[in-house]
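Trainee: What follows is a structure written as C-alpha cells; I'll ask about it next.
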Amino acid sequence: MKHSVCLGVSFVFLLASIASAQTSPASWAVAEPGHGLNLISDPAAPYAAKTVDGVEALSPPENPDYFSRTGISFRVDDGLFSGAQAVHVIVEHGDQNIGEMRVSFDGERALVANDPQGDPVYSAAQSVVGYTCLGTGKTRHAIFTLDKPAFRHRQKGGADIRIEGCGSLRRVTVKTTLDEAERAQAVAEIPATVTPKVTLKRPMQWVLQVGADGRKPIELSAARASMRELCPVARALGFNGVESYVKWNFVEPEKGRFDWSFYDGVIAEAQRYDLKWFPLLIVGSAYTLPKWYHDSPLNTGFVCLEHRKGNRIQTIFNENQSPYVQGFLNAFGAHYEPTGALLGVRLGPSGNFGESQYPAGGNWGYEGAKEHIHIGWWAADPDAAPHFRAYLKRKYPDIGALNKAWGESYASFDAVDTFVPEFAETPRKRKDMVDWYMDTMSDWCERWAVWARAAMPKTPIYQSSGGWGFVESGTDFTDQTKSMVKVKGGIRATNETDSYAQNFYVTRMMSSAARFYGVDFGSEPAGFGSGRGVAARIFNLLVNNGQHLFFYNGNILDNDQVVATWLDLAPLLDQRDEPIIDVAVLYPDTQSKLDDGVFRNLYASSFYQRVVALRSALDFDFCGERMIADGALPRYKALVMLWNPMVEAETLNAIDRWVHDGGTVIYPRWFRTPVCAVEEDYTVFNRWQRGDTGKGKVLTASLDSEPPQLYADFVERSLGAVTDLNPLTQRMLALDKPAQVYVSALRSGKLAILNYSDAPATIGAASAFQQTIQPYRIALVP
C-alpha cells in the first residue's frame with residue numbers, strides 16, 4: 001500500500017512536471033539572462049555582436065569552410081520539456097542577410113528516416129514559416145517545430161539547439177504550444193515585394209528551384225507555402241524564373257482529362273514576385289506514370305541486357321507512349337503559352353528523373369517503389385531487337401555485308417539480337433550496337449523537341465543533357481545539341497559540379513557544339529554546390545556566352561559563402577561573350593564506344609585526366625566527329641589528340657584534308673597510337689609519318705603516357721610553333737600563373753581569369769600587367 005501511494009504521488013509529480021514544462025517557455029535574448037535557454041559559445045570561433053536600428057543582435061562566426069555551416073548554439077536546462085512530443089522554436093532577428101535559416105536539435109530520431117547513418121544529435125527541425133532571410137533590415141520572426149526532442153546536451157559544446165543562417169539573432173523562444181497570432185505575425189512579416197540585389201543589362205534566364213516539385217504528390221497549399229518562402233529569395237537575388245516538375249500523373253489523372261489547377265496555383269504564387277515559370281515536362285519516367293496508363297497493356301518498360309530485368313521507365317523502342325507525349329505537350333502548350341507566364345520549358349524525355357538518357361542512376365519509382373536501375377545496356381525489351389535489326393538493314397545492303405563487317409556468319413538479319421557491346425569480337429560490331437543505341441536516344445529526344453515546338457511555337461525550349469559522356473547513358477552531347485537547331489531551342493547541361501575543372505570537361509562538348517551550331521547554352525548542377533562552385537559555374541557561362549543558369553535552392557541556401565559570392569560575381573555575366581578559340585581537342589566519339597577506359601569510370605577517365613592537365617595552360621574547344629563532318633575544322637588553327645587511337649575513316653580523312661590546307665595536328669606517340677580508322681586502316685597516319693602534310697604540319701610527342709602533364713606541357717610548347725594564333729591566345733599561353741588559375745580570351749578583347757584556389761593568386765605577363773585575384777573570384781583584364 002505504501003508503494004502504491006508513493007507511485008501515485010510520483011505519477012502526479014511527473015504529470016505536474018510535464019505540465020509545467022509544457023506551459024513555461026524557455027527564452028534567450030541578447031544582453032539578457034537566459035530563462036531555461038543558455039547560449040553556448042566557442043572561444044576559438046566567437047560570435048559577433050552588432051547593433052541594428054538600435055537593437056543588439058548576434059551573428060555566427062565567419063566561416064572559412066566551404067563544406068559546412070556555422071551557427072549559434074543553445075543549451076536547454078535539464079528537465080525542461082521532458083516528455084514533450086514536440087516543441088516550437090521562435091527566432092526573432094533583424095533580417096540582415098539573404099539566405100535560409102536551418103535549426104537542428106538533439107532529438108530522439110535520425111535526420112533521415114530509415115537511414116542508419118542519420119545522427120539524431122543533429123535532427124532537422126521542420127521549417128514552418130518565416131525561415132528565409134531577405135536582407136530587409138526589419139524585425140522578423142521565424143518558426144520551427146522540433147519533433148521528439150531529447151535535449152540531452154549531445155551537440156558540440158553540450159548544446160541542444162543550433163541555429164544556422166541567421167545573421168542578426170535577437171531573441172529565441174522555445175515553447176510547447178504555438179499561438180495562431182505568432183504564426184500570423186511571421187507570415188505577415190514576409191515582404192509582399194522585394195527589390196532585386198542584382199540586375200543585368202543583358203538579361204538571361206536565371207532560374208531557381210522553389211519547392212513545387214519532386215517525386216511525391218504534394219498538396220497545393222504545401223507547395224505554395226514553400227514558394228512563399230523561396231520566391232522572395234529568388235527575387236532578391238535577381239532570379240527571373242522558378243522551376244517545378246510537371247508530372248504526367250499530376251495533370252492527366254484520367255485518360256484524356258487534364259487538370260492544371262495545381263500548376264495554375266504554382267504560377268500564381270510565382271507571379272506575386274514578378275517571377276516567370278520554367279517547368280520541367282516529364283512523361284515517361286516511372287514516377288510520373290498515371291495509374292490508368294500504368295495498369296494498361298501499353299506500359300512497357302526498359303529491360304537490361306545484363307540481368308534481363310526491367311523497370312517501369314518507358315521504353316523508346318516502340319511507339320506506345322508517343323501519342324500520349326504529344327497529347328500532354330499539346331494540352332500543356334494550349335493551356336500555358338497564351339498566358340505569358342512561361343520563361344521557357346525544359347524537356348524530360350526519358351531516364352529516371354526526366355532526362356535525355358537511358359536509366360542510369362537514382363531510383364524514383366512508380367508510386368515510390370524501387371525500380372531495377374543501374375548504368376548498363378537497356379536493350380532487352382521485346383521491341384529492342386526488332387528496332388536494332390531495322391537500323392542494320394538501313395546501314396547494310398544485305399546480311400553478307402554485315403557479316404563481312406562484323407566477322408560473323410548470320411543466316412539473315414532476323415538472327416541478329418541485341419548484345420552487351422563489350423562482348424563484341426570486332427570493333428565494327430561493337431560500334432554499330434553503340435551507334436544504334438545512342439542514335440535512338442538522340443532521335444527520341446529530337447522528336448520530343450519537335451512535338452514541343454509544335455505545341456509551343458513562341459516559348460524557349462531547352463533539352464536536358466547530363467552524365468559525363470559514358471555511352472551506356474545514350475547521351476550524345478553533340479547530336480542532342482545539334483538537334484535543337486531544328487526548333488531554335490537550347491541545351492542545358494545538367495552535370496555541373498563544385499569543381500571548375502570537372503565542369504569544364506563534362507560540359508565542354510555541349511558548349512563547343514552550341515557555339516558551332518548557334519544553340520543557346522545553359523547549365524544545371526548535378527549535386528552539391530558551395531561558394532567555390534558558384535564561382536566556377538558563373539565563369540563557365542561567362543566565357544561561353546551562356547543564356548541560361550539554374551540552381552537548386554540548396555545550392556544557394558545550404559552554404560554560408562554562396563550568397564556573397566553570387567552577389568559579387570553574378571553582375572559579371574553582363575560581360576559574357578563568345579571565347580576566342582584557336583585550338584580544339586578531338587573528342588573521342590569513336591574511341592569511347594570501343595573502350596570503357598575513356599569515360600565509363602569518371603574519376604579514372606583516360607581522356608578527362610588529360611583534359612584537366614591541358615586546361616591549366618589554355619582554353620580550347622572539344623571538336624566531335626559530327627562537328628568535323630559538318631565543317632567545324634576551319635574554325636581552328638590546331639587540333640590536339642589526347643586519347644584518339646581509333647576514329648572513323650571519314651573523320652580521319654577530313655582531318656587529313658584540313659592539315660593539307662594548313663592545319664596543325666598535335667598527337668602523342670605512345671603504345672595506344674598510331675591513329676587509325678575503325679577497320680584498322682593506317683593510310684593517313686603513314687602519310688603523316690612520311691611528312692606528307694601539305695601546307696600544314698603534324699607534331700608528334702614521343703614520351704611516356706603518364707603523368708598526363710608531360711603531354712600537356714608538350715602541347716603548350718608546340719603551340720609556340722603555330723604562328724597564326726590570335727594575339728590573345730598567345731597572351732593567354734604566355735601568362736605566368738598558378739595551375740589552378742584558368743584563363744579564357746573573349747571576343748570583347750578581354751582575358752577572363754578565374755582563381756579556383758584557396759589562396760590569392762598573382763598573375764602576369766612579362767611587363768604587360770600584374771594582378772592579384774582573391775580565392776574563388778573572377779577578374780576581367782582588358
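Labels used: A, B, ... for chains in the order of the C-alpha cells, numbers from 1 for residues in each chain, and numbers from 1 for ligands as shown.
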Would you mind listing what lies within 6 Å of stretch 95-105 of chain A as number ranges by chain, with only C-alpha atoms counted and same-chain residues fewer than 2 positions away left out?

Mentor: A: 93, 107, 122-125, 131-138, 160-167, 557

Trainee: The selected residues should be written to file as a PDB file, in the first residue's frame (atoms: C-alpha atoms).

Mentor:
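Okay, this is what ended up in part.pdb:
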```
ATOM      1  CA  HIS A  93      16.073  38.535 -35.963  1.00  0.00           C
ATOM      2  CA  GLY A 107      16.475  14.568 -30.841  1.00  0.00           C
ATOM      3  CA  TYR A 122      21.577  16.892 -35.139  1.00  0.00           C
ATOM      4  CA  SER A 123      17.983  16.119 -36.069  1.00  0.00           C
ATOM      5  CA  ALA A 124      16.500  18.559 -38.566  1.00  0.00           C
ATOM      6  CA  ALA A 125      13.693  20.771 -37.330  1.00  0.00           C
ATOM      7  CA  TYR A 131      12.579  30.843 -42.255  1.00  0.00           C
ATOM      8  CA  THR A 132      14.108  32.691 -45.209  1.00  0.00           C
ATOM      9  CA  CYS A 133      16.080  35.896 -44.714  1.00  0.00           C
ATOM     10  CA  LEU A 134      15.711  38.629 -47.316  1.00  0.00           C
ATOM     11  CA  GLY A 135      18.003  41.427 -46.180  1.00  0.00           C
ATOM     12  CA  THR A 136      15.151  43.853 -45.451  1.00  0.00           C
ATOM     13  CA  GLY A 137      16.736  45.099 -42.219  1.00  0.00           C
ATOM     14  CA  LYS A 138      13.365  44.801 -40.481  1.00  0.00           C
ATOM     15  CA  ASP A 160      20.819  21.107 -27.680  1.00  0.00           C
ATOM     16  CA  ILE A 161      19.736  23.556 -30.405  1.00  0.00           C
ATOM     17  CA  ARG A 162      21.751  25.038 -33.270  1.00  0.00           C
ATOM     18  CA  ILE A 163      20.515  27.879 -35.496  1.00  0.00           C
ATOM     19  CA  GLU A 164      22.244  28.321 -38.874  1.00  0.00           C
ATOM     20  CA  GLY A 165      21.866  31.052 -41.470  1.00  0.00           C
ATOM     21  CA  CYS A 166      20.716  33.853 -39.151  1.00  0.00           C
ATOM     22  CA  GLY A 167      22.910  36.936 -39.488  1.00  0.00           C
ATOM     23  CA  LEU A 557      20.978  28.395 -49.411  1.00  0.00           C
TER      24      LEU A 557
END
```

Trainee: Contacts of A:Gly407 at 10 Å or less, counting only C-alpha atoms, minus same-chain residues fewer than 3 places along, as number ranges by chain?

Mentor: A: 401-404, 410, 425-429

Trainee: Skip stretch 230-247 of chain A itself and residues of its chain fewer than 5 positions away, then list as a PyMOL selection string all residues within 6 Å of it, counting only C-alpha atoms.

Mentor: chain A and resi 194-199+206-210+212-213+275-282+288

Trainee: Which residues are close to stretch 770-781 of chain A, i.e. within 7 Å by only C-alpha atoms, leaving aside same-chain residues fewer than 2 positions away? Reply as a ChimeraX atom specification.

Mentor: /A:532,535,750-765

Trainee: Output N, CA and C atoms for every residue in the selection just made, as a PDB file, in the first residue's frame.

Mentor:
```pdb
ATOM      1  N   ARG A 532      32.514  28.013 -53.897  1.00  0.00           N
ATOM      2  CA  ARG A 532      33.509  27.715 -54.938  1.00  0.00           C
ATOM      3  C   ARG A 532      32.809  27.335 -56.237  1.00  0.00           C
ATOM      4  N   ALA A 535      31.291  30.275 -58.171  1.00  0.00           N
ATOM      5  CA  ALA A 535      32.298  30.984 -58.974  1.00  0.00           C
ATOM      6  C   ALA A 535      32.620  30.206 -60.242  1.00  0.00           C
ATOM      7  N   LYS A 750      39.044  40.998 -73.926  1.00  0.00           N
ATOM      8  CA  LYS A 750      39.449  40.835 -72.534  1.00  0.00           C
ATOM      9  C   LYS A 750      39.870  39.403 -72.256  1.00  0.00           C
ATOM     10  N   LEU A 751      40.706  39.265 -71.239  1.00  0.00           N
ATOM     11  CA  LEU A 751      41.001  37.949 -70.684  1.00  0.00           C
ATOM     12  C   LEU A 751      40.154  37.759 -69.440  1.00  0.00           C
ATOM     13  N   ALA A 752      39.371  36.696 -69.396  1.00  0.00           N
ATOM     14  CA  ALA A 752      38.609  36.340 -68.204  1.00  0.00           C
ATOM     15  C   ALA A 752      39.437  35.346 -67.405  1.00  0.00           C
ATOM     16  N   ILE A 753      39.627  35.619 -66.119  1.00  0.00           N
ATOM     17  CA  ILE A 753      40.546  34.825 -65.301  1.00  0.00           C
ATOM     18  C   ILE A 753      39.838  34.390 -64.021  1.00  0.00           C
ATOM     19  N   LEU A 754      39.852  33.106 -63.754  1.00  0.00           N
ATOM     20  CA  LEU A 754      39.257  32.524 -62.546  1.00  0.00           C
ATOM     21  C   LEU A 754      40.362  31.984 -61.651  1.00  0.00           C
ATOM     22  N   ASN A 755      40.382  32.447 -60.409  1.00  0.00           N
ATOM     23  CA  ASN A 755      41.270  31.853 -59.412  1.00  0.00           C
ATOM     24  C   ASN A 755      40.467  30.814 -58.643  1.00  0.00           C
ATOM     25  N   TYR A 756      40.614  29.554 -59.045  1.00  0.00           N
ATOM     26  CA  TYR A 756      39.886  28.485 -58.363  1.00  0.00           C
ATOM     27  C   TYR A 756      40.823  27.806 -57.363  1.00  0.00           C
ATOM     28  N   SER A 757      41.200  28.568 -56.333  1.00  0.00           N
ATOM     29  CA  SER A 757      42.093  28.036 -55.308  1.00  0.00           C
ATOM     30  C   SER A 757      41.808  28.731 -53.988  1.00  0.00           C
ATOM     31  N   ASP A 758      42.383  28.191 -52.918  1.00  0.00           N
ATOM     32  CA  ASP A 758      42.146  28.710 -51.576  1.00  0.00           C
ATOM     33  C   ASP A 758      43.005  29.915 -51.228  1.00  0.00           C
ATOM     34  N   ALA A 759      43.942  30.298 -52.091  1.00  0.00           N
ATOM     35  CA  ALA A 759      44.875  31.383 -51.781  1.00  0.00           C
ATOM     36  C   ALA A 759      44.801  32.462 -52.855  1.00  0.00           C
ATOM     37  N   PRO A 760      45.100  33.713 -52.485  1.00  0.00           N
ATOM     38  CA  PRO A 760      45.194  34.758 -53.518  1.00  0.00           C
ATOM     39  C   PRO A 760      46.239  34.364 -54.555  1.00  0.00           C
ATOM     40  N   ALA A 761      45.953  34.686 -55.808  1.00  0.00           N
ATOM     41  CA  ALA A 761      46.861  34.314 -56.897  1.00  0.00           C
ATOM     42  C   ALA A 761      47.286  35.563 -57.657  1.00  0.00           C
ATOM     43  N   THR A 762      48.589  35.683 -57.881  1.00  0.00           N
ATOM     44  CA  THR A 762      49.123  36.786 -58.676  1.00  0.00           C
ATOM     45  C   THR A 762      49.449  36.257 -60.062  1.00  0.00           C
ATOM     46  N   ILE A 763      48.927  36.924 -61.062  1.00  0.00           N
ATOM     47  CA  ILE A 763      49.163  36.531 -62.448  1.00  0.00           C
ATOM     48  C   ILE A 763      49.794  37.700 -63.179  1.00  0.00           C
ATOM     49  N   GLY A 764      50.521  37.405 -64.238  1.00  0.00           N
ATOM     50  CA  GLY A 764      51.135  38.465 -65.010  1.00  0.00           C
ATOM     51  C   GLY A 764      51.680  37.944 -66.313  1.00  0.00           C
ATOM     52  N   ALA A 765      52.111  38.861 -67.170  1.00  0.00           N
ATOM     53  CA  ALA A 765      52.701  38.517 -68.461  1.00  0.00           C
ATOM     54  C   ALA A 765      53.816  39.504 -68.740  1.00  0.00           C
TER      55      ALA A 765
END
```

Trainee: Between atom CA of A:Ala570 and atom CA of A:Leu542, what is the distance in Å, rounded to a tenth?

Mentor: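 These atoms are spaced 9.4 Å apart.
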
Trainee: Would you list the contacts of A:His660 as a PyMOL selection string, taking every protein, DNA or RNA residue within 6 Å and counting only C-alpha atoms, but skipping same-chain residues closer than 5 positions in sequence?

Mentor: chain A and resi 693-696

Trainee: Run DSSP on the backbone and tell me which residues of stretch 278-347 of chain A come out as strand (DSSP E); list them as a ChimeraX atom specification.

Mentor: /A:280-282,301-303,310-314,345-347

Trainee: For the residues in the current selection, export N, CA and C atoms as an mmCIF file, in the first residue's frame.

Mentor:
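That gives us result35.cif:
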```
data_model
loop_
_atom_site.group_PDB
_atom_site.id
_atom_site.type_symbol
_atom_site.label_atom_id
_atom_site.label_comp_id
_atom_site.auth_asym_id
_atom_site.auth_seq_id
_atom_site.Cartn_x
_atom_site.Cartn_y
_atom_site.Cartn_z
ATOM 1 N N LEU A 280 9.960 21.745 -65.865
ATOM 2 C CA LEU A 280 10.466 20.523 -66.492
ATOM 3 C C LEU A 280 9.269 19.644 -66.809
ATOM 4 N N LEU A 281 9.117 19.251 -68.063
ATOM 5 C CA LEU A 281 7.969 18.463 -68.517
ATOM 6 C C LEU A 281 8.374 16.991 -68.606
ATOM 7 N N ILE A 282 7.677 16.132 -67.854
ATOM 8 C CA ILE A 282 8.078 14.730 -67.736
ATOM 9 C C ILE A 282 6.875 13.819 -67.989
ATOM 10 N N GLY A 301 8.250 -1.152 -69.995
ATOM 11 C CA GLY A 301 9.455 -0.510 -69.506
ATOM 12 C C GLY A 301 10.713 -1.053 -70.144
ATOM 13 N N PHE A 302 11.814 -0.384 -69.853
ATOM 14 C CA PHE A 302 13.118 -0.851 -70.309
ATOM 15 C C PHE A 302 13.480 -2.160 -69.604
ATOM 16 N N VAL A 303 14.270 -2.996 -70.292
ATOM 17 C CA VAL A 303 14.817 -4.232 -69.731
ATOM 18 C C VAL A 303 16.313 -4.242 -70.029
ATOM 19 N N GLY A 310 13.601 -5.722 -65.725
ATOM 20 C CA GLY A 310 13.058 -4.484 -66.248
ATOM 21 C C GLY A 310 12.723 -3.478 -65.179
ATOM 22 N N ASN A 311 12.335 -2.288 -65.638
ATOM 23 C CA ASN A 311 11.792 -1.262 -64.763
ATOM 24 C C ASN A 311 10.613 -0.615 -65.482
ATOM 25 N N ARG A 312 10.026 0.387 -64.842
ATOM 26 C CA ARG A 312 8.829 0.990 -65.429
ATOM 27 C C ARG A 312 9.095 2.338 -66.085
ATOM 28 N N ILE A 313 10.357 2.650 -66.343
ATOM 29 C CA ILE A 313 10.672 3.780 -67.221
ATOM 30 C C ILE A 313 10.382 3.311 -68.645
ATOM 31 N N GLN A 314 9.581 4.055 -69.364
ATOM 32 C CA GLN A 314 9.030 3.561 -70.615
ATOM 33 C C GLN A 314 10.081 3.409 -71.719
ATOM 34 N N VAL A 345 10.635 26.277 -71.190
ATOM 35 C CA VAL A 345 10.357 24.934 -70.682
ATOM 36 C C VAL A 345 11.586 24.069 -70.918
ATOM 37 N N ARG A 346 11.711 23.067 -70.079
ATOM 38 C CA ARG A 346 12.780 22.078 -70.216
ATOM 39 C C ARG A 346 12.138 20.723 -70.436
ATOM 40 N N LEU A 347 12.737 19.931 -71.313
ATOM 41 C CA LEU A 347 12.164 18.650 -71.691
ATOM 42 C C LEU A 347 12.792 17.517 -70.892
#
```

Trainee: So that I can check the surroundings of stretch 519-531 of chain A, please list as number ranges by chain every protein, DNA and RNA residue that reaches within 6 Å of it, counting only C-alpha atoms and ignoring chain neighbours fewer than 2 positions away.

Mentor: A: 66, 490-498, 514, 517, 533-534, 546-550, 555, 559, 561-562, 565

Trainee: Between A:Phe423, A:Tyr391, A:Phe332, A:Trp658, single out the one closest to A:Ile628, counting only C-alpha atoms.

Mentor: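 Residue with the minimum atom-to-atom distance to A:Ile628: A:Trp658.
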
Trainee: Determine, counting only C-alpha atoms, which protein, DNA and RNA residues have an atom within 8 Å of an atom of A:Asn644; residues of the same chain fewer than 4 positions away are not included. Present the result as a PDB file with N, CA and C atoms, in the first residue's frame.

Mentor:
```pdb
ATOM      1  N   LEU A 586      40.308  16.875 -80.103  1.00  0.00           N
ATOM      2  CA  LEU A 586      39.428  15.918 -80.776  1.00  0.00           C
ATOM      3  C   LEU A 586      38.686  15.080 -79.734  1.00  0.00           C
ATOM      4  N   TYR A 587      37.369  15.187 -79.751  1.00  0.00           N
ATOM      5  CA  TYR A 587      36.549  14.444 -78.794  1.00  0.00           C
ATOM      6  C   TYR A 587      36.540  12.969 -79.187  1.00  0.00           C
ATOM      7  N   PRO A 588      36.689  12.063 -78.223  1.00  0.00           N
ATOM      8  CA  PRO A 588      36.830  10.636 -78.561  1.00  0.00           C
ATOM      9  C   PRO A 588      35.490   9.936 -78.789  1.00  0.00           C
ATOM     10  N   GLN A 591      36.342   6.303 -80.056  1.00  0.00           N
ATOM     11  CA  GLN A 591      37.095   5.554 -79.056  1.00  0.00           C
ATOM     12  C   GLN A 591      36.256   5.250 -77.821  1.00  0.00           C
ATOM     13  N   THR A 673      48.862   4.629 -79.695  1.00  0.00           N
ATOM     14  CA  THR A 673      48.819   5.173 -81.042  1.00  0.00           C
ATOM     15  C   THR A 673      49.763   4.328 -81.884  1.00  0.00           C
ATOM     16  N   VAL A 675      47.277   6.524 -84.792  1.00  0.00           N
ATOM     17  CA  VAL A 675      45.857   6.664 -85.027  1.00  0.00           C
ATOM     18  C   VAL A 675      45.475   5.910 -86.295  1.00  0.00           C
TER      19      VAL A 675
END
```

Trainee: Produce a table with one row for each residue of stretch 367-473 of chain A that has an atom at most 12 Å from any atom of stretch 606-625 of chain A, each row naming the nearest atom pair and its distance in Å at one decimal; use only C-alpha atoms; arrange rows by chain and rising residue number; format as a Markdown table.

Mentor:
```
| residue | atom | partner | partner_atom | distance |
| --- | --- | --- | --- | --- |
| A:Trp468 | CA | A:Tyr608 | CA | 9.8 |
| A:Gly469 | CA | A:Tyr608 | CA | 10.4 |
| A:Phe470 | CA | A:Phe607 | CA | 11.6 |
```
